Amino acid sequence: MADYADPENTLVIETTKGNVVIAMRPDLAPGHVDHIKKLAREGAYDGVVFHRVIDGFMAQTGDVKFGNSEKPDFSPSRAGTGGSQYPNLKQEFSAEPHVRGVASMARAQDPNSANSQFFICFQDARFLDRQYTVWGQVIEGMENVDQIKRGEPVINPDKMVSVKVAADIAE
């Protein structure tokens, strides 16, 4: 395992394009970080596709209900419409800017509707500032994020093969 400054708050995502490492920010969004770690530790994110990927904007993933390509009931047309079995989260908006590499929660119109879906910004998206919960920053593998197949919806999408909290990865 790499030597991360805070392994308990580092998310290691193996994607079909390569690894992406996110430094989670419990100082900005403690509830969201705890929720993401819980889902990662349950294996809920493993096999989940990047269902909405907009060039020059962001790559969205995390629909653990309908977006898991490894489940027999996977339906690409429904990916992006679900969350997890847990309740939605109360927003934790901050002044942290939506810039290249930021990981932020996806949500519906209701500010308190984020659940399991998140996105990674390809480039600055400052119009999202203070309206979406920023919970992390890519610290390794942004070149892999850049290679994720585009689409809305994505045809034959890339996916998160495995998602782990760095502290849980054996040497």
# chains A, B, ... in the order shown; residues from 1 in each chain; ligands from 1
call {"tool": "closest_atom_pairs", "arguments": {"of": "region 107-150 of chain A", "to": "region 48-67 of chain A", "cutoff": "12 Å", "atoms": "only C-alpha atoms", "output": "Markdown table"}}
result
| residue | atom | partner | partner_atom | distance |
| --- | --- | --- | --- | --- |
| A:Arg107 | CA | A:Gln60 | CA | 10.9 |
| A:Ala114 | CA | A:Gly62 | CA | 10.8 |
| A:Asn115 | CA | A:Asp63 | CA | 8.7 |
| A:Ser116 | CA | A:Gly62 | CA | 5.4 |
| A:Gln117 | CA | A:Gly62 | CA | 4.0 |
| A:Phe118 | CA | A:Thr61 | CA | 5.7 |
| A:Phe119 | CA | A:Gln60 | CA | 4.1 |
| A:Ile120 | CA | A:Ala59 | CA | 5.4 |
| A:Cys121 | CA | A:Met58 | CA | 4.3 |
| A:Phe122 | CA | A:Met58 | CA | 5.0 |
| A:Gln123 | CA | A:Phe57 | CA | 6.0 |
| A:Asp124 | CA | A:Phe57 | CA | 7.7 |
| A:Ala125 | CA | A:Phe57 | CA | 6.9 |
| A:Arg126 | CA | A:Phe57 | CA | 10.7 |
| A:Phe127 | CA | A:Phe57 | CA | 11.2 |
| A:Leu128 | CA | A:Phe57 | CA | 11.0 |
| A:Met142 | CA | A:Ala59 | CA | 11.3 |
| A:Asn144 | CA | A:Ala59 | CA | 11.2 |
| A:Val145 | CA | A:Ala59 | CA | 7.6 |
| A:Asp146 | CA | A:Ala59 | CA | 8.8 |
| A:Gln147 | CA | A:Ala59 | CA | 10.1 |
| A:Ile148 | CA | A:Ala59 | CA | 7.5 |
| A:Lys149 | CA | A:Val53 | CA | 7.0 |
| A:Arg150 | CA | A:Val53 | CA | 4.7 |
call {"tool": "write_last_selection", "arguments": {"atoms": "N, CA, C and O atoms", "output": "short mmCIF file (atom, residue, chain, number, x, y, z; two decimals), in the first residue's frame"}}
result
data_model
loop_
_atom_site.label_atom_id
_atom_site.label_comp_id
_atom_site.auth_asym_id
_atom_site.auth_seq_id
_atom_site.Cartn_x
_atom_site.Cartn_y
_atom_site.Cartn_z
N ARG A 107 -26.99 14.98 -6.39
CA ARG A 107 -28.26 15.04 -5.66
C ARG A 107 -29.37 15.44 -6.62
O ARG A 107 -29.12 15.85 -7.75
N ALA A 114 -28.75 13.97 -1.36
CA ALA A 114 -27.56 13.18 -1.70
C ALA A 114 -27.61 11.85 -0.96
O ALA A 114 -28.09 11.78 0.18
N ASN A 115 -27.11 10.80 -1.60
CA ASN A 115 -27.13 9.49 -0.97
C ASN A 115 -25.82 8.76 -1.24
O ASN A 115 -24.91 8.80 -0.41
N SER A 116 -25.69 8.12 -2.38
CA SER A 116 -24.46 7.36 -2.67
C SER A 116 -23.76 7.86 -3.93
O SER A 116 -22.57 7.58 -4.11
N GLN A 117 -24.46 8.58 -4.78
CA GLN A 117 -23.86 9.01 -6.05
C GLN A 117 -22.95 10.22 -5.85
O GLN A 117 -23.25 11.11 -5.07
N PHE A 118 -21.86 10.21 -6.60
CA PHE A 118 -20.92 11.33 -6.56
C PHE A 118 -20.32 11.55 -7.93
O PHE A 118 -20.48 10.74 -8.83
N PHE A 119 -19.64 12.68 -8.06
CA PHE A 119 -18.98 12.98 -9.32
C PHE A 119 -17.61 13.56 -9.05
O PHE A 119 -17.32 14.07 -7.97
N ILE A 120 -16.75 13.45 -10.06
CA ILE A 120 -15.40 14.01 -10.04
C ILE A 120 -15.33 15.02 -11.18
O ILE A 120 -15.64 14.68 -12.33
N CYS A 121 -14.91 16.23 -10.86
CA CYS A 121 -14.83 17.31 -11.86
C CYS A 121 -13.62 17.12 -12.78
O CYS A 121 -12.51 16.95 -12.30
N PHE A 122 -13.86 17.19 -14.10
CA PHE A 122 -12.77 17.18 -15.08
C PHE A 122 -12.05 18.53 -15.10
O PHE A 122 -10.87 18.62 -15.38
N GLN A 123 -12.82 19.59 -14.87
CA GLN A 123 -12.26 20.94 -14.84
C GLN A 123 -13.10 21.78 -13.89
O GLN A 123 -14.08 21.30 -13.34
N ASP A 124 -12.70 23.02 -13.71
CA ASP A 124 -13.41 23.89 -12.78
C ASP A 124 -14.89 24.00 -13.15
O ASP A 124 -15.24 24.12 -14.33
N ALA A 125 -15.74 23.91 -12.13
CA ALA A 125 -17.20 24.01 -12.29
C ALA A 125 -17.72 24.87 -11.13
O ALA A 125 -18.53 24.44 -10.32
N ARG A 126 -17.23 26.10 -11.08
CA ARG A 126 -17.49 26.98 -9.94
C ARG A 126 -18.97 27.33 -9.77
O ARG A 126 -19.40 27.75 -8.70
N PHE A 127 -19.78 27.15 -10.81
CA PHE A 127 -21.22 27.40 -10.70
C PHE A 127 -21.89 26.43 -9.73
O PHE A 127 -23.03 26.66 -9.31
N LEU A 128 -21.19 25.35 -9.35
CA LEU A 128 -21.72 24.38 -8.39
C LEU A 128 -21.39 24.74 -6.93
O LEU A 128 -21.93 24.15 -6.01
N MET A 142 -5.69 11.24 -11.66
CA MET A 142 -6.62 12.09 -12.41
C MET A 142 -6.53 11.80 -13.91
O MET A 142 -7.51 11.91 -14.62
N ASN A 144 -6.41 8.94 -15.12
CA ASN A 144 -7.33 7.82 -15.34
C ASN A 144 -8.78 8.30 -15.39
O ASN A 144 -9.58 7.81 -16.19
N VAL A 145 -9.12 9.27 -14.55
CA VAL A 145 -10.45 9.88 -14.61
C VAL A 145 -10.66 10.49 -15.99
O VAL A 145 -11.72 10.34 -16.60
N ASP A 146 -9.64 11.15 -16.51
CA ASP A 146 -9.73 11.80 -17.83
C ASP A 146 -10.05 10.81 -18.95
O ASP A 146 -10.58 11.20 -19.98
N GLN A 147 -9.72 9.54 -18.75
CA GLN A 147 -9.92 8.52 -19.79
C GLN A 147 -11.28 7.84 -19.72
O GLN A 147 -11.61 7.02 -20.59
N ILE A 148 -12.08 8.12 -18.69
CA ILE A 148 -13.38 7.46 -18.55
C ILE A 148 -14.27 7.79 -19.74
O ILE A 148 -14.35 8.94 -20.17
N LYS A 149 -14.92 6.76 -20.26
CA LYS A 149 -15.76 6.89 -21.45
C LYS A 149 -16.91 7.86 -21.22
O LYS A 149 -17.59 7.78 -20.20
N ARG A 150 -17.10 8.78 -22.17
CA ARG A 150 -18.14 9.81 -22.07
C ARG A 150 -19.50 9.30 -22.54
O ARG A 150 -19.59 8.39 -23.33
#
call {"tool": "residues_around", "arguments": {"residues": "His35 (chain A)", "least_positions_apart": "2", "cutoff": "10 Å", "atoms": "only C-alpha atoms", "output": "short mmCIF file (atom, residue, chain, number, x, y, z; two decimals) with C-alpha atoms, in the first residue's frame"}}
result
data_model
loop_
_atom_site.label_atom_id
_atom_site.label_comp_id
_atom_site.auth_asym_id
_atom_site.auth_seq_id
_atom_site.Cartn_x
_atom_site.Cartn_y
_atom_site.Cartn_z
CA PRO A 30 -18.03 14.61 8.05
CA GLY A 31 -21.42 12.98 7.49
CA HIS A 32 -20.80 12.37 3.80
CA VAL A 33 -17.29 11.02 4.38
CA LYS A 37 -16.57 4.94 3.95
CA LYS A 38 -19.46 2.77 5.19
CA LEU A 39 -20.56 2.00 1.61
CA ALA A 40 -16.96 1.32 0.53
CA ARG A 41 -16.38 -1.02 3.48
CA TYR A 86 -29.63 4.15 3.73
CA ASN A 88 -30.44 10.53 2.22
CA LEU A 89 -27.90 12.88 3.76
CA ASN A 115 -27.13 9.49 -0.97
CA SER A 116 -24.46 7.36 -2.67
#
call {"tool": "select_by_dssp", "arguments": {"residues": "region 1-170 of chain A", "states": "strand (DSSP E)", "output": "PyMOL selection string"}}
result
chain A and resi 10-15+18-24+48-49+52-54+58-61+102-105+118-121+134-140+159-165
call {"tool": "closest_residue", "arguments": {"among": "A:Ala103, A:Phe74, A:Ile169, A:Gln131", "to": "Pro7 (chain A)", "atoms": "only C-alpha atoms"}}
result
A:Ile169
call {"tool": "closest_residue", "arguments": {"among": "A:Thr10, A:Ile155, A:Ser77, A:Asn112", "to": "Ala23 (chain A)", "atoms": "only C-alpha atoms"}}
result
A:Thr10
call {"tool": "decode", "arguments": {"residues": "region 16-29 of chain A", "atoms": "all heavy atoms", "output": "PDB file, in the first residue's frame"}}
result
ATOM      1  N   THR A  16     -11.791   0.742 -14.328  1.00  0.00           N
ATOM      2  CA  THR A  16     -11.391   0.026 -15.539  1.00  0.00           C
ATOM      3  C   THR A  16     -10.345   0.809 -16.312  1.00  0.00           C
ATOM      4  O   THR A  16      -9.761   0.278 -17.256  1.00  0.00           O
ATOM      5  CB  THR A  16     -12.621  -0.250 -16.420  1.00  0.00           C
ATOM      6  OG1 THR A  16     -13.435   0.928 -16.485  1.00  0.00           O
ATOM      7  CG2 THR A  16     -13.457  -1.393 -15.877  1.00  0.00           C
ATOM      8  N   LYS A  17     -10.058   2.037 -15.922  1.00  0.00           N
ATOM      9  CA  LYS A  17      -9.017   2.852 -16.565  1.00  0.00           C
ATOM     10  C   LYS A  17      -7.759   2.963 -15.711  1.00  0.00           C
ATOM     11  O   LYS A  17      -6.774   3.563 -16.147  1.00  0.00           O
ATOM     12  CB  LYS A  17      -9.545   4.262 -16.858  1.00  0.00           C
ATOM     13  CG  LYS A  17     -10.673   4.304 -17.857  1.00  0.00           C
ATOM     14  CD  LYS A  17     -10.267   3.740 -19.205  1.00  0.00           C
ATOM     15  CE  LYS A  17     -11.358   3.936 -20.237  1.00  0.00           C
ATOM     16  NZ  LYS A  17     -11.133   3.145 -21.432  1.00  0.00           N
ATOM     17  N   GLY A  18      -7.785   2.443 -14.482  1.00  0.00           N
ATOM     18  CA  GLY A  18      -6.646   2.553 -13.573  1.00  0.00           C
ATOM     19  C   GLY A  18      -7.094   3.101 -12.230  1.00  0.00           C
ATOM     20  O   GLY A  18      -8.269   3.439 -12.045  1.00  0.00           O
ATOM     21  N   ASN A  19      -6.161   3.193 -11.302  1.00  0.00           N
ATOM     22  CA  ASN A  19      -6.505   3.628  -9.943  1.00  0.00           C
ATOM     23  C   ASN A  19      -6.706   5.136  -9.845  1.00  0.00           C
ATOM     24  O   ASN A  19      -6.034   5.907 -10.527  1.00  0.00           O
ATOM     25  CB  ASN A  19      -5.438   3.189  -8.947  1.00  0.00           C
ATOM     26  CG  ASN A  19      -5.531   1.717  -8.612  1.00  0.00           C
ATOM     27  OD1 ASN A  19      -6.407   1.004  -9.096  1.00  0.00           O
ATOM     28  ND2 ASN A  19      -4.623   1.244  -7.782  1.00  0.00           N
ATOM     29  N   VAL A  20      -7.639   5.504  -8.963  1.00  0.00           N
ATOM     30  CA  VAL A  20      -7.910   6.897  -8.628  1.00  0.00           C
ATOM     31  C   VAL A  20      -7.915   6.965  -7.105  1.00  0.00           C
ATOM     32  O   VAL A  20      -8.608   6.176  -6.451  1.00  0.00           O
ATOM     33  CB  VAL A  20      -9.275   7.352  -9.191  1.00  0.00           C
ATOM     34  CG1 VAL A  20      -9.586   8.775  -8.759  1.00  0.00           C
ATOM     35  CG2 VAL A  20      -9.306   7.220 -10.711  1.00  0.00           C
ATOM     36  N   VAL A  21      -7.133   7.874  -6.537  1.00  0.00           N
ATOM     37  CA  VAL A  21      -7.045   8.005  -5.089  1.00  0.00           C
ATOM     38  C   VAL A  21      -7.603   9.368  -4.696  1.00  0.00           C
ATOM     39  O   VAL A  21      -7.202  10.397  -5.244  1.00  0.00           O
ATOM     40  CB  VAL A  21      -5.586   7.844  -4.595  1.00  0.00           C
ATOM     41  CG1 VAL A  21      -5.509   7.984  -3.083  1.00  0.00           C
ATOM     42  CG2 VAL A  21      -5.021   6.498  -5.046  1.00  0.00           C
ATOM     43  N   ILE A  22      -8.531   9.343  -3.744  1.00  0.00           N
ATOM     44  CA  ILE A  22      -9.184  10.564  -3.287  1.00  0.00           C
ATOM     45  C   ILE A  22      -8.874  10.788  -1.814  1.00  0.00           C
ATOM     46  O   ILE A  22      -9.099   9.905  -0.978  1.00  0.00           O
ATOM     47  CB  ILE A  22     -10.713  10.493  -3.496  1.00  0.00           C
ATOM     48  CG1 ILE A  22     -11.030  10.344  -4.988  1.00  0.00           C
ATOM     49  CG2 ILE A  22     -11.412  11.720  -2.893  1.00  0.00           C
ATOM     50  CD1 ILE A  22     -12.512  10.126  -5.296  1.00  0.00           C
ATOM     51  N   ALA A  23      -8.355  11.981  -1.506  1.00  0.00           N
ATOM     52  CA  ALA A  23      -8.188  12.400  -0.110  1.00  0.00           C
ATOM     53  C   ALA A  23      -9.547  12.924   0.330  1.00  0.00           C
ATOM     54  O   ALA A  23     -10.039  13.927  -0.201  1.00  0.00           O
ATOM     55  CB  ALA A  23      -7.119  13.481   0.005  1.00  0.00           C
ATOM     56  N   MET A  24     -10.176  12.212   1.276  1.00  0.00           N
ATOM     57  CA  MET A  24     -11.493  12.621   1.756  1.00  0.00           C
ATOM     58  C   MET A  24     -11.342  13.775   2.745  1.00  0.00           C
ATOM     59  O   MET A  24     -10.322  13.906   3.419  1.00  0.00           O
ATOM     60  CB  MET A  24     -12.220  11.433   2.374  1.00  0.00           C
ATOM     61  CG  MET A  24     -12.559  10.371   1.332  1.00  0.00           C
ATOM     62  SD  MET A  24     -13.539   8.999   1.968  1.00  0.00           S
ATOM     63  CE  MET A  24     -12.256   8.021   2.737  1.00  0.00           C
ATOM     64  N   ARG A  25     -12.379  14.590   2.832  1.00  0.00           N
ATOM     65  CA  ARG A  25     -12.336  15.822   3.630  1.00  0.00           C
ATOM     66  C   ARG A  25     -13.401  15.812   4.726  1.00  0.00           C
ATOM     67  O   ARG A  25     -14.425  16.491   4.620  1.00  0.00           O
ATOM     68  CB  ARG A  25     -12.541  17.029   2.707  1.00  0.00           C
ATOM     69  CG  ARG A  25     -11.473  17.249   1.636  1.00  0.00           C
ATOM     70  CD  ARG A  25     -10.177  17.808   2.189  1.00  0.00           C
ATOM     71  NE  ARG A  25     -10.370  18.994   2.999  1.00  0.00           N
ATOM     72  CZ  ARG A  25     -10.400  20.247   2.529  1.00  0.00           C
ATOM     73  NH1 ARG A  25     -10.225  20.473   1.250  1.00  0.00           N
ATOM     74  NH2 ARG A  25     -10.589  21.257   3.345  1.00  0.00           N
ATOM     75  N   PRO A  26     -13.171  15.060   5.812  1.00  0.00           N
ATOM     76  CA  PRO A  26     -14.132  15.078   6.911  1.00  0.00           C
ATOM     77  C   PRO A  26     -14.251  16.450   7.567  1.00  0.00           C
ATOM     78  O   PRO A  26     -15.251  16.730   8.229  1.00  0.00           O
ATOM     79  CB  PRO A  26     -13.596  14.026   7.886  1.00  0.00           C
ATOM     80  CG  PRO A  26     -12.160  13.863   7.537  1.00  0.00           C
ATOM     81  CD  PRO A  26     -12.039  14.166   6.070  1.00  0.00           C
ATOM     82  N   ASP A  27     -13.259  17.315   7.355  1.00  0.00           N
ATOM     83  CA  ASP A  27     -13.340  18.673   7.890  1.00  0.00           C
ATOM     84  C   ASP A  27     -14.425  19.482   7.173  1.00  0.00           C
ATOM     85  O   ASP A  27     -15.013  20.388   7.756  1.00  0.00           O
ATOM     86  CB  ASP A  27     -11.990  19.388   7.769  1.00  0.00           C
ATOM     87  CG  ASP A  27     -11.477  19.455   6.335  1.00  0.00           C
ATOM     88  OD1 ASP A  27     -11.518  18.418   5.625  1.00  0.00           O
ATOM     89  OD2 ASP A  27     -11.014  20.538   5.918  1.00  0.00           O
ATOM     90  N   LEU A  28     -14.722  19.129   5.930  1.00  0.00           N
ATOM     91  CA  LEU A  28     -15.763  19.817   5.151  1.00  0.00           C
ATOM     92  C   LEU A  28     -17.118  19.121   5.250  1.00  0.00           C
ATOM     93  O   LEU A  28     -18.149  19.781   5.278  1.00  0.00           O
ATOM     94  CB  LEU A  28     -15.379  19.865   3.664  1.00  0.00           C
ATOM     95  CG  LEU A  28     -14.154  20.649   3.258  1.00  0.00           C
ATOM     96  CD1 LEU A  28     -13.925  20.505   1.757  1.00  0.00           C
ATOM     97  CD2 LEU A  28     -14.308  22.114   3.637  1.00  0.00           C
ATOM     98  N   ALA A  29     -17.095  17.789   5.200  1.00  0.00           N
ATOM     99  CA  ALA A  29     -18.341  17.017   5.097  1.00  0.00           C
ATOM    100  C   ALA A  29     -18.242  15.720   5.898  1.00  0.00           C
ATOM    101  O   ALA A  29     -18.194  14.633   5.337  1.00  0.00           O
ATOM    102  CB  ALA A  29     -18.629  16.723   3.626  1.00  0.00           C
TER     103      ALA A  29
END
